[in-house]
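Structure file run.tsv (TSV, N, CA and C atoms) is printed below.
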```tsv
chain	number	residue	atom	x	y	z
A	67	MET	N	77.56	93.64	101.05
A	67	MET	CA	78.11	94.96	100.81
A	67	MET	C	77.19	96.01	101.41
A	68	SER	N	77.74	96.87	102.19
A	68	SER	CA	76.94	97.86	102.90
A	68	SER	C	76.65	99.07	102.02
A	69	GLN	N	75.73	99.89	102.46
A	69	GLN	CA	75.37	101.08	101.71
A	69	GLN	C	75.91	102.33	102.39
A	70	GLY	N	77.13	102.27	102.92
A	70	GLY	CA	77.78	103.41	103.55
A	70	GLY	C	78.34	104.35	102.51
A	71	GLN	N	79.43	104.99	102.86
A	71	GLN	CA	80.05	105.95	101.96
A	71	GLN	C	81.55	105.91	102.17
A	72	ALA	N	82.30	105.90	101.08
A	72	ALA	CA	83.75	105.96	101.15
A	72	ALA	C	84.18	107.42	101.06
A	73	SER	N	85.34	107.73	101.61
A	73	SER	CA	85.82	109.12	101.56
A	73	SER	C	86.45	109.43	100.21
A	74	ILE	N	86.43	110.69	99.83
A	74	ILE	CA	87.05	111.13	98.59
A	74	ILE	C	88.39	111.76	98.96
A	75	PRO	N	89.50	111.20	98.45
A	75	PRO	CA	90.82	111.70	98.82
A	75	PRO	C	91.10	113.10	98.30
A	76	SER	N	91.93	113.83	99.05
A	76	SER	CA	92.31	115.18	98.62
A	76	SER	C	93.29	115.11	97.45
A	77	GLN	N	93.43	116.20	96.73
A	77	GLN	CA	94.25	116.27	95.52
A	77	GLN	C	95.71	115.83	95.73
A	78	PRO	N	96.41	116.27	96.78
A	78	PRO	CA	97.81	115.86	96.94
A	78	PRO	C	98.00	114.35	97.08
A	79	LYS	N	96.97	113.66	97.54
A	79	LYS	CA	97.07	112.21	97.71
A	79	LYS	C	96.73	111.43	96.45
A	80	ALA	N	96.34	112.12	95.38
A	80	ALA	CA	95.87	111.47	94.17
A	80	ALA	C	96.89	110.52	93.55
A	81	LYS	N	98.17	110.81	93.65
A	81	LYS	CA	99.19	109.95	93.05
A	81	LYS	C	99.38	108.66	93.83
A	82	GLN	N	98.90	108.62	95.06
A	82	GLN	CA	99.03	107.43	95.90
A	82	GLN	C	97.83	106.50	95.81
A	83	LEU	N	96.80	106.89	95.10
A	83	LEU	CA	95.55	106.14	95.09
A	83	LEU	C	95.74	104.71	94.61
A	84	ARG	N	94.95	103.82	95.21
A	84	ARG	CA	94.97	102.41	94.85
A	84	ARG	C	93.53	101.94	94.64
A	85	ALA	N	93.36	100.98	93.76
A	85	ALA	CA	92.04	100.42	93.48
A	85	ALA	C	91.98	98.98	93.99
A	86	CYS	N	90.90	98.64	94.64
A	86	CYS	CA	90.68	97.27	95.12
A	86	CYS	C	90.55	96.36	93.90
A	87	LEU	N	91.23	95.23	93.91
A	87	LEU	CA	91.18	94.31	92.78
A	87	LEU	C	89.86	93.55	92.67
A	88	LEU	N	89.07	93.55	93.74
A	88	LEU	CA	87.80	92.84	93.70
A	88	LEU	C	86.63	93.74	93.33
A	89	CYS	N	86.51	94.89	93.98
A	89	CYS	CA	85.35	95.76	93.73
A	89	CYS	C	85.70	97.03	92.95
A	90	SER	N	86.97	97.37	92.84
A	90	SER	CA	87.51	98.52	92.10
A	90	SER	C	87.33	99.87	92.80
A	91	ILE	N	86.95	99.88	94.08
A	91	ILE	CA	86.87	101.16	94.78
A	91	ILE	C	88.27	101.76	94.90
A	92	ILE	N	88.35	103.08	94.79
A	92	ILE	CA	89.63	103.78	94.84
A	92	ILE	C	89.74	104.49	96.20
A	93	GLN	N	90.87	104.25	96.88
A	93	GLN	CA	91.16	104.88	98.16
A	93	GLN	C	92.66	105.08	98.30
A	94	THR	N	93.06	105.80	99.31
A	94	THR	CA	94.48	105.92	99.62
A	94	THR	C	94.90	104.66	100.39
A	95	PRO	N	96.20	104.36	100.38
A	95	PRO	CA	96.67	103.23	101.19
A	95	PRO	C	96.31	103.40	102.67
A	96	ALA	N	96.36	104.64	103.16
A	96	ALA	CA	96.01	104.90	104.57
A	96	ALA	C	94.55	104.54	104.86
A	97	ASP	N	93.65	104.83	103.93
A	97	ASP	CA	92.23	104.49	104.12
A	97	ASP	C	92.04	102.98	104.11
A	98	PHE	N	92.73	102.28	103.19
A	98	PHE	CA	92.64	100.82	103.18
A	98	PHE	C	93.19	100.25	104.50
A	99	ARG	N	94.28	100.83	104.99
A	99	ARG	CA	94.90	100.35	106.24
A	99	ARG	C	93.99	100.62	107.44
A	100	LYS	N	93.39	101.79	107.48
A	100	LYS	CA	92.56	102.19	108.62
A	100	LYS	C	91.19	101.53	108.62
A	101	HIS	N	90.56	101.45	107.44
A	101	HIS	CA	89.17	100.98	107.35
A	101	HIS	C	89.01	99.68	106.57
A	102	GLY	N	90.03	99.28	105.81
A	102	GLY	CA	89.87	98.14	104.91
A	102	GLY	C	89.07	98.55	103.69
A	103	CYS	N	88.58	97.58	102.95
A	103	CYS	CA	87.73	97.88	101.80
A	103	CYS	C	86.29	97.96	102.28
A	104	PRO	N	85.59	99.07	102.00
A	104	PRO	CA	84.22	99.22	102.50
A	104	PRO	C	83.23	98.23	101.87
A	105	ASN	N	83.62	97.59	100.77
A	105	ASN	CA	82.72	96.65	100.09
A	105	ASN	C	83.04	95.18	100.36
A	106	CYS	N	84.30	94.85	100.42
A	106	CYS	CA	84.66	93.42	100.46
A	106	CYS	C	85.73	93.10	101.51
A	107	GLU	N	85.70	93.79	102.61
A	107	GLU	CA	86.68	93.55	103.68
A	107	GLU	C	86.61	92.13	104.22
A	108	GLU	N	85.42	91.57	104.26
A	108	GLU	CA	85.26	90.20	104.76
A	108	GLU	C	86.14	89.22	103.99
A	109	LEU	N	86.25	89.42	102.70
A	109	LEU	CA	87.07	88.54	101.86
A	109	LEU	C	88.52	89.00	101.76
A	110	MET	N	88.73	90.30	101.59
A	110	MET	CA	90.06	90.82	101.33
A	110	MET	C	90.92	90.99	102.58
A	111	GLN	N	90.31	91.31	103.71
A	111	GLN	CA	90.99	91.43	105.00
A	111	GLN	C	92.25	92.31	104.94
A	112	MET	N	92.07	93.54	104.50
A	112	MET	CA	93.19	94.48	104.35
A	112	MET	C	93.39	95.38	105.57
A	113	LYS	N	92.36	95.57	106.36
A	113	LYS	CA	92.42	96.51	107.48
A	113	LYS	C	93.60	96.20	108.40
A	114	GLY	N	94.54	97.14	108.48
A	114	GLY	CA	95.68	97.00	109.35
A	114	GLY	C	96.83	96.16	108.82
A	115	TYR	N	96.74	95.70	107.58
A	115	TYR	CA	97.77	94.83	107.01
A	115	TYR	C	98.35	95.41	105.71
A	116	PRO	N	99.44	96.18	105.80
A	116	PRO	CA	100.03	96.80	104.60
A	116	PRO	C	100.42	95.80	103.50
A	117	ASP	N	100.90	94.61	103.88
A	117	ASP	CA	101.26	93.61	102.87
A	117	ASP	C	100.03	93.14	102.11
A	118	ARG	N	98.94	93.00	102.82
A	118	ARG	CA	97.68	92.57	102.20
A	118	ARG	C	97.15	93.66	101.27
A	119	ILE	N	97.32	94.92	101.67
A	119	ILE	CA	96.91	96.04	100.82
A	119	ILE	C	97.69	96.01	99.51
A	120	GLN	N	98.98	95.74	99.59
A	120	GLN	CA	99.82	95.67	98.39
A	120	GLN	C	99.37	94.56	97.43
A	121	SER	N	98.95	93.43	97.98
A	121	SER	CA	98.56	92.31	97.12
A	121	SER	C	97.11	92.35	96.66
A	122	CYS	N	96.25	93.09	97.36
A	122	CYS	CA	94.82	93.12	97.03
A	122	CYS	C	94.37	94.40	96.34
A	123	THR	N	95.30	95.36	96.19
A	123	THR	CA	94.98	96.61	95.49
A	123	THR	C	96.08	96.89	94.47
A	124	THR	N	95.83	97.87	93.61
A	124	THR	CA	96.82	98.22	92.60
A	124	THR	C	96.76	99.71	92.29
A	125	THR	N	97.88	100.23	91.80
A	125	THR	CA	97.92	101.61	91.31
A	125	THR	C	97.67	101.65	89.81
A	126	HIS	N	97.54	100.47	89.19
A	126	HIS	CA	97.35	100.37	87.75
A	126	HIS	C	95.86	100.27	87.42
A	127	PHE	N	95.24	101.44	87.27
A	127	PHE	CA	93.82	101.47	86.91
A	127	PHE	C	93.57	102.62	85.96
A	128	GLU	N	92.45	102.53	85.24
A	128	GLU	CA	92.07	103.55	84.27
A	128	GLU	C	90.71	104.12	84.62
A	129	GLY	N	90.56	105.41	84.42
A	129	GLY	CA	89.28	106.07	84.60
A	129	GLY	C	88.81	106.09	86.04
A	130	VAL	N	88.02	107.10	86.36
A	130	VAL	CA	87.44	107.23	87.70
A	130	VAL	C	85.95	107.51	87.54
A	131	ILE	N	85.15	106.74	88.25
A	131	ILE	CA	83.71	106.90	88.22
A	131	ILE	C	83.25	107.33	89.61
A	132	ALA	N	82.58	108.47	89.70
A	132	ALA	CA	82.01	108.91	90.97
A	132	ALA	C	80.65	108.25	91.10
A	133	ASN	N	80.53	107.36	92.05
A	133	ASN	CA	79.32	106.57	92.24
A	133	ASN	C	78.52	107.16	93.40
A	134	VAL	N	77.55	108.01	93.08
A	134	VAL	CA	76.79	108.72	94.10
A	134	VAL	C	75.54	107.94	94.53
A	135	LYS	N	74.84	107.38	93.56
A	135	LYS	CA	73.64	106.59	93.85
A	135	LYS	C	73.79	105.23	93.17
A	136	PRO	N	74.60	104.35	93.74
A	136	PRO	CA	74.90	103.08	93.08
A	136	PRO	C	73.67	102.24	92.75
A	137	GLU	N	72.68	102.27	93.63
A	137	GLU	CA	71.50	101.43	93.41
A	137	GLU	C	70.64	101.90	92.24
A	138	ASP	N	70.77	103.16	91.82
A	138	ASP	CA	69.96	103.71	90.73
A	138	ASP	C	70.73	103.93	89.43
A	139	SER	N	72.01	103.71	89.43
A	139	SER	CA	72.86	104.09	88.30
A	139	SER	C	73.05	102.95	87.29
A	140	TRP	N	72.81	103.26	86.01
A	140	TRP	CA	73.06	102.25	84.98
A	140	TRP	C	74.56	102.00	84.85
A	141	VAL	N	75.37	103.02	85.13
A	141	VAL	CA	76.83	102.84	85.09
A	141	VAL	C	77.25	101.86	86.19
A	142	SER	N	76.65	101.98	87.35
A	142	SER	CA	76.96	101.05	88.45
A	142	SER	C	76.56	99.62	88.08
A	143	ARG	N	75.44	99.46	87.43
A	143	ARG	CA	75.04	98.12	87.00
A	143	ARG	C	76.04	97.59	85.99
A	144	TRP	N	76.45	98.42	85.04
A	144	TRP	CA	77.41	98.03	84.01
A	144	TRP	C	78.75	97.65	84.64
A	145	GLN	N	79.18	98.40	85.64
A	145	GLN	CA	80.47	98.16	86.31
A	145	GLN	C	80.39	97.11	87.42
A	146	ARG	N	79.18	96.59	87.68
A	146	ARG	CA	78.94	95.62	88.74
A	146	ARG	C	79.26	96.20	90.12
A	147	THR	N	78.88	97.46	90.33
A	147	THR	CA	79.09	98.11	91.64
A	147	THR	C	77.78	98.64	92.22
A	148	SER	N	76.64	98.19	91.71
A	148	SER	CA	75.35	98.72	92.16
A	148	SER	C	75.02	98.36	93.60
A	149	LYS	N	75.66	97.34	94.17
A	149	LYS	CA	75.43	96.96	95.56
A	149	LYS	C	76.58	97.40	96.45
A	150	CYS	N	77.43	98.25	95.93
A	150	CYS	CA	78.58	98.76	96.67
A	150	CYS	C	78.27	100.11	97.30
A	151	VAL	N	79.15	100.55	98.19
A	151	VAL	CA	78.98	101.85	98.84
A	151	VAL	C	79.23	102.98	97.84
A	152	ARG	N	78.74	104.17	98.18
A	152	ARG	CA	79.04	105.34	97.38
A	152	ARG	C	80.53	105.63	97.46
A	153	GLY	N	81.10	106.13	96.38
A	153	GLY	CA	82.53	106.44	96.38
A	153	GLY	C	83.07	106.55	94.97
A	154	MET	N	84.39	106.55	94.88
A	154	MET	CA	85.07	106.61	93.58
A	154	MET	C	85.51	105.21	93.18
A	155	TYR	N	85.25	104.86	91.92
A	155	TYR	CA	85.58	103.53	91.42
A	155	TYR	C	86.38	103.65	90.13
A	156	ALA	N	87.27	102.70	89.92
A	156	ALA	CA	88.05	102.66	88.69
A	156	ALA	C	87.20	102.02	87.60
A	157	ALA	N	87.31	102.53	86.38
A	157	ALA	CA	86.59	101.94	85.26
A	157	ALA	C	87.21	100.59	84.89
A	158	ARG	N	88.53	100.51	84.93
A	158	ARG	CA	89.25	99.26	84.66
A	158	ARG	C	90.41	99.14	85.64
A	159	VAL	N	90.63	97.92	86.09
A	159	VAL	CA	91.70	97.66	87.06
A	159	VAL	C	92.57	96.52	86.52
A	160	LYS	N	93.88	96.75	86.49
A	160	LYS	CA	94.81	95.73	86.00
A	160	LYS	C	95.32	94.90	87.17
A	161	GLY	N	95.22	93.59	87.06
A	161	GLY	CA	95.71	92.70	88.09
A	161	GLY	C	94.67	91.67	88.49
A	162	ARG	N	95.10	90.69	89.29
A	162	ARG	CA	94.22	89.63	89.79
A	162	ARG	C	94.29	89.58	91.31
A	163	ILE	N	93.20	89.16	91.90
A	163	ILE	CA	93.17	88.99	93.35
A	163	ILE	C	94.09	87.83	93.73
A	164	PRO	N	94.55	87.81	94.99
A	164	PRO	CA	95.39	86.70	95.45
A	164	PRO	C	94.66	85.36	95.35
A	165	GLU	N	95.42	84.27	95.22
A	165	GLU	CA	94.84	82.94	95.05
A	165	GLU	C	93.94	82.54	96.22
A	166	ASP	N	94.31	82.92	97.45
A	166	ASP	CA	93.48	82.54	98.60
A	166	ASP	C	92.10	83.20	98.55
A	167	VAL	N	92.05	84.43	98.06
A	167	VAL	CA	90.76	85.12	97.94
A	167	VAL	C	89.94	84.49	96.82
A	168	GLU	N	90.60	84.16	95.72
A	168	GLU	CA	89.90	83.51	94.61
A	168	GLU	C	89.34	82.15	95.06
A	169	ALA	N	90.11	81.41	95.85
A	169	ALA	CA	89.65	80.12	96.37
A	169	ALA	C	88.45	80.30	97.30
A	170	GLU	N	88.49	81.35	98.13
A	170	GLU	CA	87.37	81.64	99.03
A	170	GLU	C	86.10	81.98	98.24
A	171	LEU	N	86.25	82.78	97.19
A	171	LEU	CA	85.10	83.10	96.33
A	171	LEU	C	84.53	81.82	95.72
A	172	GLU	N	85.41	80.97	95.22
A	172	GLU	CA	84.99	79.72	94.60
A	172	GLU	C	84.24	78.84	95.61
A	173	SER	N	84.74	78.78	96.85
A	173	SER	CA	84.07	77.97	97.88
A	173	SER	C	82.68	78.50	98.20
A	174	ARG	N	82.45	79.79	97.95
A	174	ARG	CA	81.13	80.40	98.18
A	174	ARG	C	80.28	80.43	96.91
A	175	ASN	N	80.75	79.75	95.88
A	175	ASN	CA	80.06	79.70	94.57
A	175	ASN	C	79.90	81.08	93.96
A	176	ILE	N	80.91	81.93	94.13
A	176	ILE	CA	80.92	83.26	93.53
A	176	ILE	C	81.95	83.25	92.40
A	177	LYS	N	81.51	83.61	91.20
A	177	LYS	CA	82.42	83.63	90.06
A	177	LYS	C	83.24	84.91	90.07
A	178	TYR	N	84.56	84.76	90.06
A	178	TYR	CA	85.45	85.93	90.02
A	178	TYR	C	85.61	86.39	88.59
A	179	ARG	N	85.42	87.69	88.41
A	179	ARG	CA	85.63	88.31	87.09
A	179	ARG	C	86.64	89.43	87.27
A	180	THR	N	87.67	89.42	86.45
A	180	THR	CA	88.65	90.50	86.53
A	180	THR	C	87.96	91.80	86.17
A	181	ARG	N	88.56	92.91	86.55
A	181	ARG	CA	87.98	94.23	86.27
A	181	ARG	C	88.80	94.99	85.23
A	182	ASP	N	89.50	94.21	84.38
A	182	ASP	CA	90.33	94.87	83.36
A	182	ASP	C	89.62	95.02	82.02
A	183	GLY	N	88.36	94.61	81.96
A	183	GLY	CA	87.58	94.78	80.74
A	183	GLY	C	87.72	93.63	79.74
A	184	THR	N	88.47	92.58	80.08
A	184	THR	CA	88.65	91.48	79.14
A	184	THR	C	87.53	90.46	79.18
A	185	GLU	N	86.83	90.37	80.31
A	185	GLU	CA	85.72	89.43	80.44
A	185	GLU	C	84.40	90.16	80.27
A	186	VAL	N	83.53	89.57	79.47
A	186	VAL	CA	82.22	90.18	79.20
A	186	VAL	C	81.14	89.30	79.81
A	187	ASP	N	80.17	89.93	80.47
A	187	ASP	CA	79.06	89.16	81.08
A	187	ASP	C	78.18	88.57	80.02
```

Could you render the structure from this file as structure tokens?
Amino acid sequence: MSQGQASIPSQPKAKQLRACLLCSIIQTPADFRKHGCPNCEELMQMKGYPDRIQSCTTTHFEGVIANVKPEDSWVSRWQRTSKCVRGMYAARVKGRIPEDVEAELESRNIKYRTRDGTEVD
């Protein structure tokens, strides 16, 4: 995960916002289509694929966290986003990643945890 920066969407686009099911970053569908997910594009492969954006992101999320200094923030550690780029993140995200992404995580010995608040570390 890189230490870049995600863009903050303008107010009129707020109703279109989607959250990544893996890292919970919030972006517009256009940003996911143009840039992919700034944290997990290698796994999610959304850049340029609207169908993939639909299956790997959701509009069903709660709360918004502005993550300005992820590496120093206790909230980022709590949300498991301390190694993610700066940006807006959902506090909770409803949904599961696609099976192929979950299988890829498993093959890399990475444990998938939903971001809906039901699993506790």

Item to complete: Tell me which protein, DNA and RNA residues are within 7 Å of Gln82 (chain A), counting only N, CA and C atoms, leaving out same-chain ones fewer than 4 positions away, and put them as JSON, numbers by chain.
Response: {"A": [78, 93, 94, 95, 125]}

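Among the candidate residues A:Arg179, A:Arg99, A:Val130, A:Cys106, the one lying nearest to Arg162 (chain A) is A:Arg179, with distances computed using only N, CA and C atoms.
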
Item to complete: Identify which of the residues A:His126, A:Lys149, A:Arg143, A:Lys177 lies closest to Asn105 (chain A), counting all atoms listed in the file when measuring atom-to-atom distances.
Response: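 With all atoms listed in the file as the atom set, the closest residue is A:Lys149.
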
Discussion item. So the first atom is CA of Ala132 (chain A) and the second is CA of Ile91 (chain A); what is the distance between them in Å, to one decimal place?
Written reply: 9.9 Å

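The shortest atom-to-atom distance to Pro164 (chain A), with only N, CA and C atoms taken into account, belongs to A:Ser121 out of A:Ser121, A:Trp140, A:Cys86, A:Gly114.
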
Practice prompt. Enter the distance from CA of Ala156 (chain A) to CA of Ile92 (chain A), in Å, rounded to one decimal.
Written response: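 Distance reported for this atom pair: 6.4 Å.
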
Practice prompt. In Å, rounded to a single decimal, give me how far atom C of Ile119 (chain A) is from atom C of Phe98 (chain A).
Written response: 7.9 Å

Worksheet entry | Which residue of A:Lys100, A:Arg181, A:Arg174, A:Lys113 approaches Leu88 (chain A) most closely, using only N, CA and C atoms |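 Using only N, CA and C atoms, Leu88 (chain A) sits closest to A:Arg181.
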
Worksheet item: Can you list every residue in region 74-186 of chain A that DSSP puts in helix (DSSP H, G or I), as a PyMOL selection string?
Response: chain A and resi 77-82+95-101+107-110+116-122+140-145+165-173

Practice prompt. Check chain A with DSSP on the backbone and list each residue it calls strand (DSSP E or B), as an MDAnalysis selection string.
Written response: chainID A and resid 71 84:86 91:93 123:124 127:133 152:159

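Minimum atom-to-atom distance to Leu83 (chain A), evaluated using only C-alpha atoms, belongs to A:Met154 out of A:Leu171, A:Val141, A:Ile131, A:Met154.
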
Item to complete: Do a neighbour search on Thr184 (chain A) at 12 Å with only C-alpha atoms, toss out local chain neighbours closer than 3 positions, and write the hits as a VMD selection string.
Response: chain A and resid 158 to 161 179 to 181 187

Worksheet entry | Pick from A:Ala85, A:Asp97, A:Thr123, A:Arg152 nearest to Pro136 (chain A), counting all atoms listed in the file |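 Distance minimum relative to Pro136 (chain A) lands on A:Arg152.
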
Practice prompt. List the neighbours of Gly102 (chain A) out to 8 Å using only N, CA and C atoms; skip same-chain residues closer than 5 positions along the sequence, and give me the result as a list in words.
Written response: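 Neighbouring residues, sequence-local ones excluded: Ala96, Asp97, Glu107, Glu108, Met110, Gln111, Met112, Lys113, Gly114 and Tyr115 of chain A.
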
Since the input has fewer atoms than a full residue there, write region 122-143 of chain A out with N, CA, C and O atoms, as a compact mmCIF listing (two decimals), keeping the file's coordinate frame.
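New file part.txt:
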```
# COMPACT_ATOMS: atom_id res chain seq x y z
N CYS A 122 96.25 93.09 97.36
CA CYS A 122 94.82 93.12 97.03
C CYS A 122 94.37 94.40 96.34
O CYS A 122 93.20 94.54 95.99
N THR A 123 95.30 95.36 96.19
CA THR A 123 94.98 96.61 95.49
C THR A 123 96.08 96.89 94.47
O THR A 123 97.13 96.26 94.49
N THR A 124 95.83 97.87 93.61
CA THR A 124 96.82 98.22 92.60
C THR A 124 96.76 99.71 92.29
O THR A 124 95.72 100.34 92.48
N THR A 125 97.88 100.23 91.80
CA THR A 125 97.92 101.61 91.31
C THR A 125 97.67 101.65 89.81
O THR A 125 97.58 102.72 89.22
N HIS A 126 97.54 100.47 89.19
CA HIS A 126 97.35 100.37 87.75
C HIS A 126 95.86 100.27 87.42
O HIS A 126 95.30 99.18 87.36
N PHE A 127 95.24 101.44 87.27
CA PHE A 127 93.82 101.47 86.91
C PHE A 127 93.57 102.62 85.96
O PHE A 127 94.37 103.54 85.85
N GLU A 128 92.45 102.53 85.24
CA GLU A 128 92.07 103.55 84.27
C GLU A 128 90.71 104.12 84.62
O GLU A 128 89.81 103.38 85.02
N GLY A 129 90.56 105.41 84.42
CA GLY A 129 89.28 106.07 84.60
C GLY A 129 88.81 106.09 86.04
O GLY A 129 89.16 105.23 86.83
N VAL A 130 88.02 107.10 86.36
CA VAL A 130 87.44 107.23 87.70
C VAL A 130 85.95 107.51 87.54
O VAL A 130 85.55 108.39 86.78
N ILE A 131 85.15 106.74 88.25
CA ILE A 131 83.71 106.90 88.22
C ILE A 131 83.25 107.33 89.61
O ILE A 131 83.53 106.63 90.58
N ALA A 132 82.58 108.47 89.70
CA ALA A 132 82.01 108.91 90.97
C ALA A 132 80.65 108.25 91.10
O ALA A 132 79.72 108.54 90.35
N ASN A 133 80.53 107.36 92.05
CA ASN A 133 79.32 106.57 92.24
C ASN A 133 78.52 107.16 93.40
O ASN A 133 78.79 106.87 94.56
N VAL A 134 77.55 108.01 93.08
CA VAL A 134 76.79 108.72 94.10
C VAL A 134 75.54 107.94 94.53
O VAL A 134 75.22 107.88 95.70
N LYS A 135 74.84 107.38 93.56
CA LYS A 135 73.64 106.59 93.85
C LYS A 135 73.79 105.23 93.17
O LYS A 135 73.19 104.97 92.13
N PRO A 136 74.60 104.35 93.74
CA PRO A 136 74.90 103.08 93.08
C PRO A 136 73.67 102.24 92.75
O PRO A 136 73.62 101.60 91.70
N GLU A 137 72.68 102.27 93.63
CA GLU A 137 71.50 101.43 93.41
C GLU A 137 70.64 101.90 92.24
O GLU A 137 69.88 101.12 91.68
N ASP A 138 70.77 103.16 91.82
CA ASP A 138 69.96 103.71 90.73
C ASP A 138 70.73 103.93 89.43
O ASP A 138 70.14 104.34 88.44
N SER A 139 72.01 103.71 89.43
CA SER A 139 72.86 104.09 88.30
C SER A 139 73.05 102.95 87.29
O SER A 139 73.44 101.84 87.65
N TRP A 140 72.81 103.26 86.01
CA TRP A 140 73.06 102.25 84.98
C TRP A 140 74.56 102.00 84.85
O TRP A 140 75.00 100.89 84.54
N VAL A 141 75.37 103.02 85.13
CA VAL A 141 76.83 102.84 85.09
C VAL A 141 77.25 101.86 86.19
O VAL A 141 78.08 100.98 85.96
N SER A 142 76.65 101.98 87.35
CA SER A 142 76.96 101.05 88.45
C SER A 142 76.56 99.62 88.08
O SER A 142 77.29 98.68 88.40
N ARG A 143 75.44 99.46 87.43
CA ARG A 143 75.04 98.12 87.00
C ARG A 143 76.04 97.59 85.99
O ARG A 143 76.44 96.43 86.05
```
